[in-house]
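> Before anything else, here's the structure in question.
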Amino acid sequence: MIQIEQTFTTDVLVIGGGGAGVRAALEAEAKGAKTILATKGKLGDSGTTAFEVAETAGYNAADGCIGTDSPDQHYQDIMKAALGTCDPEVARVLTEEAPESLAELESWGVPFEKKGDRHLVVEGCFGSQPRMHIIKRHSKPILEVLVERLKSTSVQVLEEVIVVDLVVEGNTCYGALLMDYTGKFILVRAGAVILATGGGGQLFKLNLNPKDVTADGYAIGLRAGAEIINMEFMQAGLGLVHPLSNILNCWVWYLRPRLLNNRGEEFLAKYLPSGVEPLDCMNDKAHHFPFSSRDLSKYIETAIIKEINLGNYGPHGGVYIDFRKIDLSKVSSDFQTMWQTTKSWYKKLGVDPDEELLEVAPFGHAINGGLRVGPNGESTVENLFAVGEVAGGPHGADRLGGNMILCCQVFGKRAGRAAAEASAGKQGRTSAGSLNSTIKGINEGQGRLNPMQVKKEIQDLMSANYLVVRNAQGLEALIKKLQGIVVQMETEGFQITSPADKVQALECRNMLDTATMMGKAALLREESRGSHYREDFPDTKPEFKKILSFQLFEQKLIHKTIQTN
């Protein structure tokens with residue numbers, strides 16, 4: 001039985017303390033709603049927005065800074081990248097409100113980079129125009145500005161708490177059950193809830209996310225009855241394994257670096273079909289960081305994986321990338337500036353790419369799907385909203401670089417406003433039965449499963465069977481093994497000897513629910529489309545131009561398809 005030790009009542013509960021969550025809380029409070037923000041870590045130091053995973057980040061906005069770009073062109077790029085698997089209405093809202101969003105952030109003090117009297121703007125992943133405005137230190141400067149604004153409001157912040165589950169009755173959300181890191185259960189009754197829990201990078205052994213990004217929101221939303229879409233589409237991309245961990249920004253392929261195995265051999269050419277040259281693959285790869293099956297760049301990641309599988313990897317599990325003899329005269333002045341920024345970042349961390357080889361490998365990064373939402377972040381459960389990476393709809397098979405941070409701000413603002421309006425005059429309610437059912441398998445005492453070992457097993461399974469290259473045999477094995485762990489979790493329980501173990505066990509449950517859903521989505525999509533690559537179905541099929549949606553019905557995972565234009 002759950003013993004509730006503290007209860008709060010509020011208009012709006014925001015779950016997540018990253019850029020999307022803080023932006024939503026600011027807007028809800030500005031609209032007069034009593035607001036609580038709950039975050040897994042410390043405010044300003046939790047989630048992906050606070051994680052300096054790279055030296056720069058990008059913020060898309062067709063603001064007339066350079067060229068002939070427009071919001072409509074931005075929209076067309078999203079639709080082209082999505083390959084028929086995103087929500088057009090949601091995408092249209094994003095592009096039309098992007099310029100205003102960027103101007104608002106800059107007016108608040110976010111330091112976008114300048115080159116002379118204009119912003120430093122480059123062409124982002126899958127984009128057709130330079131519209132990605134550069135920010136140093138990735139997206140952390142945005143969060144710092146937002147947190148400072150939050151501190152001057154009446155928003156109540158609950159730090160170091162994990163969501164156990166949402167409280168839902170009759171397809172309406174009435175709040176959430178939380179647990180703090182001492183093991184104390186906290187009930188928050190709310191008129192509306194906004195999920196801003198981030199992604200699921202920790203599903204993979206190598207990932208570009210902080211430790212607290214454990215796929216919580218997808219699983220919480222699924223168990224609450226929400227529709228979850230596009231979970232087969234996720235971003236995997238090349239990152240540095242050693243001597244630092246960092247995103248390998250796509251534009252560095254314009255520099256024409258060499259790829260070497262542990263014997264010093266250039267290996268890319270031997271994995272290419274007749275008529276395709278390494279330079280062709282690099283030209284395509286320079287347009288996008290994430291792996292995609294849409295162009296010749298796919299041979300870079302698949303060649304690296306094959307070389308690693310052959311055992312031809314370095315001491316840290318990756319292959320080598322060599323920038324020691326690049327010719328900067330062959331790239332534009334903007335990219336020369338970017339390379340100097342990158343080198344300065346590397347050197348600050350004790351790495352000199354002019355003098356040493358760097359080790360790279362494919363990493364898990366971001367999920368393009370999530371809770372199915374409308375233009376205000378509204379999910380298919382009444383009074384439940386989702387923003388940021390946990391929301392599905394603004395993206396599809398591939399996602400434009402520079403769009404995710406933008407989504408956090410545009411839809412964080414919209415969802416905060418909409419949740420404030422939806423919560424007016426409502427009070428959360430609960431039943432003991434709905435609360436007690438949320439901790440099935442998270443037993444006190446000495447169960448058999450060690451939560452940290454289970455996490456590692458999930459990461460190993462997902463890395464081996466889901467990252468970049470997929471096939472029916474691997475996906476079926478993945479699903480079967482994940483389902484076996486779920487059965488063990490529910491029948492044997494976890495080893496819970498401390499509150500920290502209970503937090504880990506809750507994260508394991510969320511990772512299992514999400515990974516299973518991702519595996520089933522990838523198995524159902526018998527084609528290759530964007531970030532989803534099936535080596536047993538390498539072609540894109542017109543009949544699969546549709547969205548796969550999952551939902552729990554009587555504790556069974558069911559799916560349907562949503563046809564797109």
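Ordering of the structure tokens sets the chain letters (A, B, ...), residue numbers begin anew at 1 in every chain, and ligands are numbered from 1 in the order given.
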What's around stretch 467-471 of chain A at 8 Å? Count only C-alpha atoms, leave out sequence neighbours fewer than 2 positions away in its own chain, and write the answer as a list in words.
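Within the cut-off, the hits are Ala236, Phe291, Glu301, Thr302, Pro362, Phe363, Gly364, Met462, Ser463, Ala464, Asn465, Gln473, Gly474, Leu475, Ala522, Leu523, Ser531, His532, Tyr533, Arg534, Glu535, Asp536 and Phe537 of chain A.
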> Limited to N, CA and C atoms, could you put the picked residues into a file as a PDB file, in the first residue's frame?

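Here's the written file out38.pdb:
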```pdb
ATOM      1  N   ALA A 236      19.964   8.429 -34.136  1.00  0.00           N
ATOM      2  CA  ALA A 236      21.258   7.877 -33.745  1.00  0.00           C
ATOM      3  C   ALA A 236      22.294   8.619 -34.568  1.00  0.00           C
ATOM      4  N   PHE A 291      21.812   9.629 -38.231  1.00  0.00           N
ATOM      5  CA  PHE A 291      21.761   8.606 -39.266  1.00  0.00           C
ATOM      6  C   PHE A 291      20.429   8.692 -39.995  1.00  0.00           C
ATOM      7  N   GLU A 301      27.720   5.293 -41.253  1.00  0.00           N
ATOM      8  CA  GLU A 301      27.391   4.629 -39.981  1.00  0.00           C
ATOM      9  C   GLU A 301      27.393   3.106 -40.113  1.00  0.00           C
ATOM     10  N   THR A 302      26.813   2.600 -41.201  1.00  0.00           N
ATOM     11  CA  THR A 302      26.759   1.144 -41.331  1.00  0.00           C
ATOM     12  C   THR A 302      28.159   0.552 -41.506  1.00  0.00           C
ATOM     13  N   PRO A 362      28.686   5.117 -33.218  1.00  0.00           N
ATOM     14  CA  PRO A 362      27.285   5.539 -33.204  1.00  0.00           C
ATOM     15  C   PRO A 362      26.725   5.599 -31.778  1.00  0.00           C
ATOM     16  N   PHE A 363      26.007   6.657 -31.488  1.00  0.00           N
ATOM     17  CA  PHE A 363      25.365   6.878 -30.200  1.00  0.00           C
ATOM     18  C   PHE A 363      23.850   6.932 -30.384  1.00  0.00           C
ATOM     19  N   GLY A 364      23.111   6.534 -29.355  1.00  0.00           N
ATOM     20  CA  GLY A 364      21.684   6.844 -29.301  1.00  0.00           C
ATOM     21  C   GLY A 364      21.531   8.283 -28.855  1.00  0.00           C
ATOM     22  N   MET A 462      19.195  -2.991 -26.535  1.00  0.00           N
ATOM     23  CA  MET A 462      18.817  -1.936 -27.478  1.00  0.00           C
ATOM     24  C   MET A 462      19.989  -1.548 -28.379  1.00  0.00           C
ATOM     25  N   SER A 463      21.184  -1.514 -27.820  1.00  0.00           N
ATOM     26  CA  SER A 463      22.361  -1.159 -28.615  1.00  0.00           C
ATOM     27  C   SER A 463      22.645  -2.212 -29.675  1.00  0.00           C
ATOM     28  N   ALA A 464      22.439  -3.478 -29.350  1.00  0.00           N
ATOM     29  CA  ALA A 464      22.750  -4.568 -30.279  1.00  0.00           C
ATOM     30  C   ALA A 464      21.674  -4.764 -31.338  1.00  0.00           C
ATOM     31  N   ASN A 465      20.409  -4.503 -31.009  1.00  0.00           N
ATOM     32  CA  ASN A 465      19.305  -4.874 -31.899  1.00  0.00           C
ATOM     33  C   ASN A 465      18.509  -3.711 -32.478  1.00  0.00           C
ATOM     34  N   GLN A 473      14.833 -10.577 -37.138  1.00  0.00           N
ATOM     35  CA  GLN A 473      15.385 -11.504 -36.161  1.00  0.00           C
ATOM     36  C   GLN A 473      15.826 -10.784 -34.886  1.00  0.00           C
ATOM     37  N   GLY A 474      16.549  -9.673 -35.058  1.00  0.00           N
ATOM     38  CA  GLY A 474      17.031  -8.927 -33.901  1.00  0.00           C
ATOM     39  C   GLY A 474      15.909  -8.274 -33.121  1.00  0.00           C
ATOM     40  N   LEU A 475      14.914  -7.729 -33.830  1.00  0.00           N
ATOM     41  CA  LEU A 475      13.804  -7.059 -33.161  1.00  0.00           C
ATOM     42  C   LEU A 475      12.932  -8.053 -32.401  1.00  0.00           C
ATOM     43  N   ALA A 522       9.212  -0.714 -34.641  1.00  0.00           N
ATOM     44  CA  ALA A 522      10.223  -0.988 -35.663  1.00  0.00           C
ATOM     45  C   ALA A 522       9.947  -2.306 -36.380  1.00  0.00           C
ATOM     46  N   LEU A 523       9.413  -3.285 -35.662  1.00  0.00           N
ATOM     47  CA  LEU A 523       9.101  -4.576 -36.283  1.00  0.00           C
ATOM     48  C   LEU A 523       7.919  -4.456 -37.238  1.00  0.00           C
ATOM     49  N   SER A 531      15.119   7.820 -40.394  1.00  0.00           N
ATOM     50  CA  SER A 531      15.967   7.279 -39.327  1.00  0.00           C
ATOM     51  C   SER A 531      15.710   5.808 -39.053  1.00  0.00           C
ATOM     52  N   HIS A 532      14.627   5.254 -39.581  1.00  0.00           N
ATOM     53  CA  HIS A 532      14.308   3.840 -39.406  1.00  0.00           C
ATOM     54  C   HIS A 532      14.899   3.053 -40.573  1.00  0.00           C
ATOM     55  N   TYR A 533      15.861   2.164 -40.271  1.00  0.00           N
ATOM     56  CA  TYR A 533      16.526   1.392 -41.313  1.00  0.00           C
ATOM     57  C   TYR A 533      16.401  -0.089 -41.009  1.00  0.00           C
ATOM     58  N   ARG A 534      15.725  -0.811 -41.908  1.00  0.00           N
ATOM     59  CA  ARG A 534      15.616  -2.265 -41.826  1.00  0.00           C
ATOM     60  C   ARG A 534      16.480  -2.866 -42.917  1.00  0.00           C
ATOM     61  N   GLU A 535      17.547  -3.563 -42.544  1.00  0.00           N
ATOM     62  CA  GLU A 535      18.413  -4.147 -43.563  1.00  0.00           C
ATOM     63  C   GLU A 535      17.710  -5.264 -44.318  1.00  0.00           C
ATOM     64  N   ASP A 536      16.637  -5.834 -43.722  1.00  0.00           N
ATOM     65  CA  ASP A 536      15.857  -6.850 -44.435  1.00  0.00           C
ATOM     66  C   ASP A 536      14.760  -6.229 -45.297  1.00  0.00           C
ATOM     67  N   PHE A 537      14.499  -4.930 -45.126  1.00  0.00           N
ATOM     68  CA  PHE A 537      13.561  -4.179 -45.974  1.00  0.00           C
ATOM     69  C   PHE A 537      14.195  -2.818 -46.270  1.00  0.00           C
TER      70      PHE A 537
END
```
> Please identify the strand (DSSP E) residues within stretch 98-184 of chain A (assignment by DSSP from backbone atoms) and present them as a short mmCIF file (atom, residue, chain, number, x, y, z; two decimals) with N, CA and C atoms, in the first residue's frame.

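Wrote selection_1.cif, looks like this:
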```
data_model
loop_
_atom_site.label_atom_id
_atom_site.label_comp_id
_atom_site.auth_asym_id
_atom_site.auth_seq_id
_atom_site.Cartn_x
_atom_site.Cartn_y
_atom_site.Cartn_z
N LYS A 114 27.03 36.05 -33.12
CA LYS A 114 26.99 37.04 -34.19
C LYS A 114 28.25 36.95 -35.03
N LYS A 115 28.10 37.28 -36.30
CA LYS A 115 29.24 37.44 -37.20
C LYS A 115 29.09 38.82 -37.83
N ARG A 118 25.33 40.56 -38.06
CA ARG A 118 24.23 39.60 -38.24
C ARG A 118 24.48 38.36 -37.40
N HIS A 119 23.41 37.60 -37.19
CA HIS A 119 23.55 36.32 -36.49
C HIS A 119 24.41 35.36 -37.30
N VAL A 121 24.46 32.10 -38.79
CA VAL A 121 23.39 31.20 -39.19
C VAL A 121 23.95 30.19 -40.18
N VAL A 122 23.66 28.90 -39.95
CA VAL A 122 24.12 27.85 -40.85
C VAL A 122 22.93 26.98 -41.24
N GLU A 123 23.16 26.15 -42.26
CA GLU A 123 22.13 25.22 -42.71
C GLU A 123 22.15 24.00 -41.79
N PRO A 130 20.03 28.32 -44.83
CA PRO A 130 20.66 28.67 -43.55
C PRO A 130 19.64 29.37 -42.64
N ARG A 131 19.19 28.67 -41.61
CA ARG A 131 18.25 29.28 -40.65
C ARG A 131 18.56 28.88 -39.21
N MET A 132 19.60 28.08 -39.03
CA MET A 132 19.94 27.59 -37.70
C MET A 132 20.86 28.59 -37.02
N HIS A 133 20.30 29.32 -36.04
CA HIS A 133 21.03 30.34 -35.30
C HIS A 133 21.86 29.66 -34.22
N ILE A 134 23.15 29.98 -34.17
CA ILE A 134 24.10 29.25 -33.33
C ILE A 134 24.16 29.83 -31.91
N ILE A 135 24.19 28.90 -30.94
CA ILE A 135 24.37 29.25 -29.53
C ILE A 135 25.56 28.44 -29.02
N LYS A 136 26.48 29.06 -28.34
CA LYS A 136 27.59 28.32 -27.72
C LYS A 136 27.10 27.64 -26.45
N GLN A 156 6.07 27.16 -7.65
CA GLN A 156 6.67 26.32 -6.62
C GLN A 156 7.46 25.20 -7.29
N VAL A 157 8.69 24.99 -6.88
CA VAL A 157 9.55 24.00 -7.50
C VAL A 157 9.79 22.84 -6.52
N LEU A 158 9.53 21.64 -6.98
CA LEU A 158 9.84 20.42 -6.23
C LEU A 158 11.02 19.76 -6.90
N VAL A 161 12.63 14.77 -7.47
CA VAL A 161 11.46 13.89 -7.38
C VAL A 161 11.29 13.17 -8.71
N ILE A 162 10.83 11.94 -8.65
CA ILE A 162 10.53 11.17 -9.85
C ILE A 162 9.05 10.89 -9.89
N VAL A 163 8.46 10.94 -11.06
CA VAL A 163 7.05 10.63 -11.21
C VAL A 163 6.86 9.12 -11.19
N VAL A 164 5.97 8.66 -10.33
CA VAL A 164 5.62 7.24 -10.30
C VAL A 164 4.62 6.96 -11.40
N ASP A 165 3.55 7.72 -11.44
CA ASP A 165 2.54 7.63 -12.49
C ASP A 165 1.62 8.82 -12.42
N LEU A 166 0.90 9.04 -13.51
CA LEU A 166 -0.17 10.04 -13.53
C LEU A 166 -1.42 9.45 -12.90
N VAL A 167 -2.24 10.33 -12.37
CA VAL A 167 -3.54 9.92 -11.82
C VAL A 167 -4.60 10.23 -12.88
N VAL A 168 -5.18 9.17 -13.43
CA VAL A 168 -6.14 9.32 -14.52
C VAL A 168 -7.39 8.52 -14.20
N GLU A 169 -8.54 9.15 -14.36
CA GLU A 169 -9.82 8.46 -14.22
C GLU A 169 -10.71 8.89 -15.39
N THR A 172 -9.35 11.32 -18.07
CA THR A 172 -9.03 12.68 -17.64
C THR A 172 -7.92 12.62 -16.61
N CYS A 173 -6.92 13.46 -16.77
CA CYS A 173 -5.78 13.49 -15.86
C CYS A 173 -6.07 14.45 -14.71
N TYR A 174 -5.85 13.98 -13.49
CA TYR A 174 -6.14 14.77 -12.30
C TYR A 174 -4.89 15.04 -11.45
N GLY A 175 -3.72 14.73 -11.95
CA GLY A 175 -2.53 14.98 -11.17
C GLY A 175 -1.52 13.88 -11.34
N ALA A 176 -0.64 13.74 -10.35
CA ALA A 176 0.42 12.74 -10.45
C ALA A 176 0.88 12.31 -9.06
N LEU A 177 1.36 11.08 -9.01
CA LEU A 177 2.01 10.56 -7.81
C LEU A 177 3.51 10.67 -8.02
N LEU A 178 4.20 11.33 -7.11
CA LEU A 178 5.64 11.52 -7.17
C LEU A 178 6.31 10.77 -6.02
N MET A 179 7.60 10.57 -6.16
CA MET A 179 8.39 10.04 -5.06
C MET A 179 9.70 10.82 -4.99
N ASP A 180 10.04 11.31 -3.80
CA ASP A 180 11.30 12.02 -3.68
C ASP A 180 12.43 11.03 -3.45
#
```
> Would you return as an MDAnalysis selection string the members of stretch 255-402 of chain A that DSSP assigns to helix (DSSP H, G or I) on this structure's backbone?
chainID A and resid 255 268:271 278:285 298:309 328:330 333:348 388:390
> Would you mind exporting the chosen residues as a short mmCIF file (atom, residue, chain, number, x, y, z; two decimals), in the first residue's frame, restricted to N, CA and C atoms?

```cif
data_model
loop_
_atom_site.label_atom_id
_atom_site.label_comp_id
_atom_site.auth_asym_id
_atom_site.auth_seq_id
_atom_site.Cartn_x
_atom_site.Cartn_y
_atom_site.Cartn_z
N LEU A 255 34.97 18.94 -44.05
CA LEU A 255 36.42 19.00 -43.91
C LEU A 255 37.11 17.78 -44.51
N LEU A 268 36.18 2.89 -45.35
CA LEU A 268 34.84 3.22 -45.86
C LEU A 268 34.62 2.69 -47.27
N ALA A 269 35.61 2.84 -48.14
CA ALA A 269 35.43 2.49 -49.55
C ALA A 269 35.03 1.03 -49.76
N LYS A 270 35.54 0.13 -48.90
CA LYS A 270 35.26 -1.29 -49.13
C LYS A 270 33.82 -1.68 -48.82
N TYR A 271 33.07 -0.78 -48.18
CA TYR A 271 31.67 -1.08 -47.86
C TYR A 271 30.68 -0.37 -48.81
N PRO A 278 33.68 7.52 -51.29
CA PRO A 278 33.61 8.08 -49.93
C PRO A 278 33.23 9.55 -49.91
N LEU A 279 33.74 10.33 -50.88
CA LEU A 279 33.41 11.74 -50.93
C LEU A 279 31.92 11.98 -51.12
N ASP A 280 31.25 11.12 -51.88
CA ASP A 280 29.80 11.23 -52.08
C ASP A 280 29.07 11.07 -50.75
N CYS A 281 29.51 10.09 -49.96
CA CYS A 281 28.88 9.84 -48.66
C CYS A 281 29.11 11.01 -47.71
N MET A 282 30.31 11.56 -47.73
CA MET A 282 30.62 12.68 -46.84
C MET A 282 29.84 13.93 -47.23
N ASN A 283 29.66 14.14 -48.52
CA ASN A 283 28.87 15.30 -48.97
C ASN A 283 27.44 15.22 -48.44
N ASP A 284 26.86 14.02 -48.47
CA ASP A 284 25.50 13.85 -47.93
C ASP A 284 25.51 13.93 -46.41
N LYS A 285 26.52 13.35 -45.77
CA LYS A 285 26.58 13.35 -44.31
C LYS A 285 26.75 14.76 -43.76
N LYS A 298 24.23 7.00 -45.26
CA LYS A 298 23.96 5.81 -44.44
C LYS A 298 25.15 4.84 -44.45
N TYR A 299 25.94 4.87 -45.51
CA TYR A 299 27.06 3.94 -45.59
C TYR A 299 28.16 4.27 -44.58
N ILE A 300 28.21 5.50 -44.09
CA ILE A 300 29.24 5.84 -43.10
C ILE A 300 28.95 5.12 -41.79
N GLU A 301 27.72 5.29 -41.25
CA GLU A 301 27.39 4.63 -39.98
C GLU A 301 27.39 3.11 -40.11
N THR A 302 26.81 2.60 -41.20
CA THR A 302 26.76 1.14 -41.33
C THR A 302 28.16 0.55 -41.51
N ALA A 303 29.05 1.26 -42.20
CA ALA A 303 30.43 0.79 -42.34
C ALA A 303 31.14 0.79 -40.99
N ILE A 304 30.92 1.81 -40.20
CA ILE A 304 31.55 1.88 -38.88
C ILE A 304 31.06 0.73 -38.00
N ILE A 305 29.76 0.47 -38.01
CA ILE A 305 29.20 -0.62 -37.22
C ILE A 305 29.79 -1.96 -37.68
N LYS A 306 29.87 -2.17 -38.98
CA LYS A 306 30.42 -3.43 -39.50
C LYS A 306 31.89 -3.59 -39.10
N GLU A 307 32.64 -2.50 -39.17
CA GLU A 307 34.05 -2.58 -38.80
C GLU A 307 34.20 -2.87 -37.29
N ILE A 308 33.34 -2.25 -36.49
CA ILE A 308 33.36 -2.53 -35.05
C ILE A 308 32.99 -3.98 -34.78
N ASN A 309 31.96 -4.47 -35.48
CA ASN A 309 31.53 -5.86 -35.28
C ASN A 309 32.61 -6.87 -35.69
N LEU A 328 41.39 23.65 -45.02
CA LEU A 328 40.33 24.61 -44.73
C LEU A 328 40.02 25.51 -45.92
N SER A 329 40.90 25.57 -46.91
CA SER A 329 40.65 26.43 -48.06
C SER A 329 39.47 25.94 -48.89
N LYS A 330 39.03 24.70 -48.67
CA LYS A 330 37.95 24.13 -49.46
C LYS A 330 36.57 24.31 -48.82
N SER A 333 33.87 30.49 -45.29
CA SER A 333 34.37 31.21 -44.12
C SER A 333 33.53 30.93 -42.89
N ASP A 334 32.19 30.74 -43.07
CA ASP A 334 31.33 30.42 -41.93
C ASP A 334 31.74 29.10 -41.30
N PHE A 335 32.05 28.09 -42.14
CA PHE A 335 32.44 26.80 -41.59
C PHE A 335 33.86 26.83 -41.03
N GLN A 336 34.72 27.70 -41.56
CA GLN A 336 36.03 27.90 -40.95
C GLN A 336 35.86 28.47 -39.53
N THR A 337 34.90 29.40 -39.39
CA THR A 337 34.60 29.95 -38.06
C THR A 337 34.08 28.86 -37.13
N MET A 338 33.19 28.01 -37.65
CA MET A 338 32.63 26.92 -36.84
C MET A 338 33.73 25.96 -36.40
N TRP A 339 34.68 25.65 -37.31
CA TRP A 339 35.75 24.73 -36.96
C TRP A 339 36.65 25.32 -35.87
N GLN A 340 36.91 26.61 -35.94
CA GLN A 340 37.70 27.24 -34.90
C GLN A 340 36.98 27.18 -33.55
N THR A 341 35.64 27.34 -33.56
CA THR A 341 34.84 27.22 -32.33
C THR A 341 34.94 25.80 -31.78
N THR A 342 34.83 24.83 -32.69
CA THR A 342 34.91 23.42 -32.27
C THR A 342 36.30 23.11 -31.70
N LYS A 343 37.34 23.53 -32.38
CA LYS A 343 38.69 23.26 -31.90
C LYS A 343 38.94 23.91 -30.53
N SER A 344 38.42 25.12 -30.36
CA SER A 344 38.58 25.79 -29.07
C SER A 344 37.90 25.01 -27.97
N TRP A 345 36.73 24.45 -28.27
CA TRP A 345 35.99 23.63 -27.30
C TRP A 345 36.78 22.37 -26.96
N TYR A 346 37.28 21.69 -28.00
CA TYR A 346 38.07 20.49 -27.78
C TYR A 346 39.31 20.79 -26.94
N LYS A 347 40.02 21.86 -27.30
CA LYS A 347 41.25 22.18 -26.61
C LYS A 347 41.00 22.57 -25.16
N LYS A 348 39.85 23.21 -24.92
CA LYS A 348 39.46 23.54 -23.55
C LYS A 348 39.33 22.26 -22.71
N GLY A 388 8.28 19.29 -25.73
CA GLY A 388 9.68 18.88 -25.82
C GLY A 388 9.81 17.53 -26.47
N GLU A 389 10.85 16.80 -26.11
CA GLU A 389 11.14 15.54 -26.79
C GLU A 389 10.09 14.47 -26.51
N VAL A 390 9.34 14.58 -25.43
CA VAL A 390 8.34 13.57 -25.11
C VAL A 390 7.09 13.70 -25.97
#
```
> Name all residues at most 9 Å from A:Cys408 (count only C-alpha atoms; drop same-chain ones fewer than 4 positions away) and give them as an NGL selection string.
:A and (18-21 or 23-24 or 196 or 387-389 or 403-404 or 412-413)
> Give me the residues near A:Gln453 as a list in words, where near means some atom within 12 Å (using only C-alpha atoms) and where sequence neighbours in that chain fewer than 3 positions away do not count.
Arg448, Leu449, Asn450, Lys456, Glu457, Ile458, Gln459, Asp460, Ile485, Phe494, Gln495, Asp501, Gln504, Ala505 and Cys508 of chain A
> Write out, as an mmCIF file, in the first residue's frame, the residues just selected, with N, CA and C atoms.

```cif
data_model
loop_
_atom_site.group_PDB
_atom_site.id
_atom_site.type_symbol
_atom_site.label_atom_id
_atom_site.label_comp_id
_atom_site.auth_asym_id
_atom_site.auth_seq_id
_atom_site.Cartn_x
_atom_site.Cartn_y
_atom_site.Cartn_z
ATOM 1 N N ARG A 448 14.613 -10.370 -6.612
ATOM 2 C CA ARG A 448 15.763 -11.009 -7.247
ATOM 3 C C ARG A 448 16.539 -10.082 -8.167
ATOM 4 N N LEU A 449 15.852 -9.102 -8.772
ATOM 5 C CA LEU A 449 16.471 -8.305 -9.825
ATOM 6 C C LEU A 449 17.223 -7.106 -9.253
ATOM 7 N N ASN A 450 18.438 -6.928 -9.727
ATOM 8 C CA ASN A 450 19.218 -5.743 -9.383
ATOM 9 C C ASN A 450 18.909 -4.661 -10.413
ATOM 10 N N LYS A 456 21.524 -2.053 -17.411
ATOM 11 C CA LYS A 456 22.608 -2.416 -18.320
ATOM 12 C C LYS A 456 22.136 -3.431 -19.354
ATOM 13 N N GLU A 457 21.308 -4.388 -18.933
ATOM 14 C CA GLU A 457 20.796 -5.384 -19.875
ATOM 15 C C GLU A 457 19.926 -4.732 -20.947
ATOM 16 N N ILE A 458 19.076 -3.786 -20.539
ATOM 17 C CA ILE A 458 18.245 -3.064 -21.506
ATOM 18 C C ILE A 458 19.129 -2.314 -22.498
ATOM 19 N N GLN A 459 20.152 -1.630 -21.996
ATOM 20 C CA GLN A 459 21.054 -0.866 -22.861
ATOM 21 C C GLN A 459 21.788 -1.771 -23.843
ATOM 22 N N ASP A 460 22.246 -2.913 -23.359
ATOM 23 C CA ASP A 460 22.948 -3.847 -24.242
ATOM 24 C C ASP A 460 22.014 -4.378 -25.329
ATOM 25 N N ILE A 485 11.942 -9.849 -19.043
ATOM 26 C CA ILE A 485 12.347 -9.035 -17.893
ATOM 27 C C ILE A 485 11.125 -8.458 -17.190
ATOM 28 N N PHE A 494 12.237 -6.292 -7.573
ATOM 29 C CA PHE A 494 13.604 -5.793 -7.555
ATOM 30 C C PHE A 494 14.204 -5.917 -6.161
ATOM 31 N N GLN A 495 15.513 -5.899 -6.111
ATOM 32 C CA GLN A 495 16.218 -5.775 -4.837
ATOM 33 C C GLN A 495 16.141 -4.315 -4.407
ATOM 34 N N ASP A 501 17.558 2.670 -4.742
ATOM 35 C CA ASP A 501 17.191 1.473 -5.501
ATOM 36 C C ASP A 501 15.781 1.608 -6.058
ATOM 37 N N GLN A 504 15.852 3.782 -9.121
ATOM 38 C CA GLN A 504 16.389 3.014 -10.235
ATOM 39 C C GLN A 504 15.355 2.015 -10.766
ATOM 40 N N ALA A 505 14.598 1.393 -9.865
ATOM 41 C CA ALA A 505 13.583 0.429 -10.283
ATOM 42 C C ALA A 505 12.465 1.109 -11.070
ATOM 43 N N CYS A 508 13.800 1.718 -14.442
ATOM 44 C CA CYS A 508 13.831 0.459 -15.203
ATOM 45 C C CYS A 508 12.468 0.161 -15.815
#
```
> So that I can see what lies close to A:His395, please list as a list in words the residues with an atom at most 9 Å from it, counting only C-alpha atoms and leaving out residues fewer than 2 positions away in the same chain.
Ile78, Met79, Ala81, Ala82, Thr85, Cys86, Asp87, Ala91, Asn230, Asn368, Gly369, Gly392, Gly393, Ala397, Asp398, Arg399, Leu400, Asn403 and Met404 of chain A
> Select, from A:Val373, A:Leu357, A:Val331, A:Val155, the residue with the minimum atom-to-atom distance to A:Leu240, counting only C-alpha atoms.
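Going through A:Val373, A:Leu357, A:Val331, A:Val155 one by one, the smallest distance to A:Leu240 is for A:Leu357.
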> For A:Ala190, which residue out of A:Leu506, A:Ala366, A:Leu272, A:Ala422 is the nearest one, using only C-alpha atoms?
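Among the listed residues, A:Ala422 lies closest to A:Ala190.
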